[in-house]
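**Student:** After the structure tokens below, expect a handful of questions from me.
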Amino acid sequence: LDTFADPRHQGCAMNAAASEPIVSVQQFDGEEWLYFRAIVPQVSIIRATTADERGNLTYEHEGAYLGGLEQALAARNNGGVVIAQVKRVVENGTLKPHDVRVPGVLVDHIVVAPDQLQTTLTPYDPAISGEIFRPLSTFRNAEMNVQKVIARRVAMELRDGMAVNIGFGISANVPRILLEEGQHGKVTWVIEQGAVGGVPLLDFKFGCASNAEAIMPSPHQFIYFQAGGFDASLLSFLQIDRHGS
């Protein structure tokens, strides 16, 4: 309410081409709520590491589950098509059922891409998928500049045991400040793409973490965020005033 998402302001419309409103203000139990009509997908394109011949999908080389299962359910349950890109296909019966994140009954087509990247610029890093532990000494420290000064000042506000969400930009350097100062583990980092703990990565690897303690499906991570379960969020803004607006 009372943000760009509010139809009384921009209603999520980026420009004049977005002429059809997607959100309205509704009264519920005496309060105003923003009501977004459900978007029904006809096609869902998802990504995994391995598929068997029946379309069951596992994610052993991935840095995030994202919302693959939820996307597949949304399309399938509305008569749509599900296309899964994977690195490899294996024989039926070779995948462990506990490893399967998307069952084959939800998948219509498999596209094999043996050279698929793990992140935008990463062919494959087993520390991102949690298969090995990357030594903390191998992470580079942030360069000394204005951004580092800001990140260090932010780090001073963190307390032991906090669960802290971070966004892209200057705030992504705060974990490196704690590493540099021997305070890694003081807080637990939680990233919207799903990583819990570990060392959040930078640049085009942002959204993944090395040495994560857990990797959550991103829709579940957002349930945690939206309910306010974490302790602090570090975000970057283009402009902000002294009142926090």
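Chain identifiers are assigned as A, B, and so on, following the order in which chains appear in the structure tokens; residues are numbered from 1 within each chain, and ligands are numbered from 1 in order of appearance.
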As a PyMOL selection string, please: every residue in stretch 23-170 of chain A that DSSP puts in strand (DSSP E).
**Tutor:** chain A and resi 23-28+31-36+43-47+50-52+57-58+81-86+88-90+100-102+109-112+163-166
**Student:** Convert the current residue selection to file output with C-alpha atoms, as a PDB file, in the first residue's frame.
**Tutor:**
ATOM      1  CA  VAL A  23      -3.872  -4.878  -9.070  1.00  0.00           C
ATOM      2  CA  SER A  24      -6.760  -3.279  -7.209  1.00  0.00           C
ATOM      3  CA  VAL A  25      -7.396  -2.093  -3.653  1.00  0.00           C
ATOM      4  CA  GLN A  26      -9.889  -4.251  -1.740  1.00  0.00           C
ATOM      5  CA  GLN A  27     -11.333  -4.061   1.755  1.00  0.00           C
ATOM      6  CA  PHE A  28     -10.896  -7.208   3.849  1.00  0.00           C
ATOM      7  CA  GLU A  31      -8.353  -3.243   6.261  1.00  0.00           C
ATOM      8  CA  GLU A  32      -7.114  -2.238   2.824  1.00  0.00           C
ATOM      9  CA  TRP A  33      -5.285  -4.929   0.843  1.00  0.00           C
ATOM     10  CA  LEU A  34      -3.749  -5.032  -2.611  1.00  0.00           C
ATOM     11  CA  TYR A  35      -5.455  -7.718  -4.681  1.00  0.00           C
ATOM     12  CA  PHE A  36      -3.470  -9.272  -7.536  1.00  0.00           C
ATOM     13  CA  VAL A  43       3.978 -22.825 -20.411  1.00  0.00           C
ATOM     14  CA  SER A  44       6.544 -23.225 -17.630  1.00  0.00           C
ATOM     15  CA  ILE A  45      10.243 -23.529 -18.503  1.00  0.00           C
ATOM     16  CA  ILE A  46      12.285 -24.842 -15.579  1.00  0.00           C
ATOM     17  CA  ARG A  47      15.828 -26.020 -15.039  1.00  0.00           C
ATOM     18  CA  THR A  50      19.459 -34.492 -14.073  1.00  0.00           C
ATOM     19  CA  ALA A  51      16.331 -36.063 -15.523  1.00  0.00           C
ATOM     20  CA  ASP A  52      15.551 -39.738 -15.785  1.00  0.00           C
ATOM     21  CA  LEU A  57      14.267 -34.076 -11.926  1.00  0.00           C
ATOM     22  CA  THR A  58      17.139 -33.690  -9.450  1.00  0.00           C
ATOM     23  CA  VAL A  81       2.994 -27.472 -20.734  1.00  0.00           C
ATOM     24  CA  VAL A  82       6.159 -27.956 -18.657  1.00  0.00           C
ATOM     25  CA  ILE A  83       9.578 -27.912 -20.340  1.00  0.00           C
ATOM     26  CA  ALA A  84      12.649 -28.840 -18.286  1.00  0.00           C
ATOM     27  CA  GLN A  85      16.236 -28.085 -19.265  1.00  0.00           C
ATOM     28  CA  VAL A  86      18.812 -30.471 -17.757  1.00  0.00           C
ATOM     29  CA  ARG A  88      21.959 -35.049 -18.518  1.00  0.00           C
ATOM     30  CA  VAL A  89      19.427 -37.867 -18.747  1.00  0.00           C
ATOM     31  CA  VAL A  90      19.819 -41.133 -16.831  1.00  0.00           C
ATOM     32  CA  VAL A 100      13.742 -35.806  -6.851  1.00  0.00           C
ATOM     33  CA  ARG A 101      12.474 -32.227  -6.521  1.00  0.00           C
ATOM     34  CA  VAL A 102      10.058 -32.286  -9.477  1.00  0.00           C
ATOM     35  CA  HIS A 109       9.415 -32.196 -22.431  1.00  0.00           C
ATOM     36  CA  ILE A 110      13.124 -32.512 -21.610  1.00  0.00           C
ATOM     37  CA  VAL A 111      15.788 -30.351 -23.275  1.00  0.00           C
ATOM     38  CA  VAL A 112      19.352 -31.605 -22.740  1.00  0.00           C
ATOM     39  CA  ALA A 163      19.312 -13.872  10.471  1.00  0.00           C
ATOM     40  CA  VAL A 164      20.100 -11.224   7.857  1.00  0.00           C
ATOM     41  CA  ASN A 165      18.765 -10.851   4.325  1.00  0.00           C
ATOM     42  CA  ILE A 166      20.985  -9.055   1.835  1.00  0.00           C
TER      43      ILE A 166
END
**Student:** Using only C-alpha atoms, which of A:Pro103, A:Pro21, A:Gly93, A:Gly167 sits nearest A:Ala48?
**Tutor:**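 The answer is A:Pro103, which sits nearest to A:Ala48.
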**Student:** Excluding A:Gly197 and its own-chain neighbours fewer than 3 positions away, which residues fall within 10 Å of it when counting only C-alpha atoms? Please give them as a PyMOL selection string.
**Tutor:** chain A and resi 163-164+185+187-191+194+200+209-215
**Student:** Tell me which of A:Lys96, A:Arg76, A:Arg37, A:Lys148 sits closest to A:Tyr59, counting only C-alpha atoms.
**Tutor:**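 Looking only at the distances to A:Tyr59, the closest residue turns out to be A:Lys96.
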**Student:** Per DSSP on the backbone, filter stretch 16-185 of chain A down to the residues in helix (DSSP H, G or I) and report them as a PyMOL selection string.
**Tutor:** chain A and resi 68-76+97-99+104-106+136-138+146-155+170-180
**Student:** Those residues you just picked out, can you put them in a file as a compact mmCIF listing (two decimals), in the first residue's frame with C-alpha atoms?
**Tutor:**
# COMPACT_ATOMS: atom_id res chain seq x y z
CA GLY A 68 10.74 -25.14 -10.34
CA LEU A 69 8.18 -27.33 -8.60
CA GLU A 70 5.74 -24.48 -8.07
CA GLN A 71 6.05 -23.36 -11.71
CA ALA A 72 5.47 -26.90 -12.93
CA LEU A 73 2.39 -27.27 -10.73
CA ALA A 74 0.99 -23.93 -11.89
CA ALA A 75 1.24 -24.85 -15.56
CA ARG A 76 0.22 -28.51 -15.25
CA PRO A 97 13.27 -40.60 -4.60
CA HIS A 98 14.35 -38.21 -1.82
CA ASP A 99 16.55 -36.40 -4.36
CA GLY A 104 8.07 -36.70 -13.88
CA VAL A 105 4.27 -36.62 -13.91
CA LEU A 106 4.58 -32.82 -14.08
CA LEU A 136 37.34 -19.24 3.86
CA SER A 137 40.85 -18.01 3.09
CA THR A 138 40.10 -18.17 -0.66
CA VAL A 146 33.52 4.31 -0.38
CA GLN A 147 31.43 1.15 -0.82
CA LYS A 148 33.60 -0.73 1.65
CA VAL A 149 33.33 2.07 4.21
CA ILE A 150 29.54 1.95 3.94
CA ALA A 151 29.53 -1.86 4.20
CA ARG A 152 31.74 -1.75 7.30
CA ARG A 153 29.43 0.78 8.94
CA VAL A 154 26.48 -1.51 8.22
CA ALA A 155 28.35 -4.48 9.69
CA ILE A 170 26.91 -2.42 -1.63
CA SER A 171 25.13 -4.60 0.93
CA ALA A 172 26.48 -7.73 -0.76
CA ASN A 173 29.94 -6.73 0.52
CA VAL A 174 28.94 -6.90 4.19
CA PRO A 175 29.61 -10.68 4.45
CA ARG A 176 33.15 -10.02 3.16
CA ILE A 177 33.65 -7.44 5.91
CA LEU A 178 32.77 -10.03 8.56
CA LEU A 179 35.10 -12.54 6.88
CA GLU A 180 37.96 -10.03 6.84
**Student:** Go ahead and compute the interatomic distance for atom CA of A:Glu91 and atom CA of A:His61, in Å to one decimal.
**Tutor:**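 Taking atom CA of A:Glu91 as the start and atom CA of A:His61 as the end point, the length is 18.2 Å.
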**Student:** Could you please determine the separation between atom CA of A:Glu53 and atom CA of A:Lys87 in Å, to one decimal place?
**Tutor:**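 Separation of atom CA of A:Glu53 and atom CA of A:Lys87: 13.3 Å.
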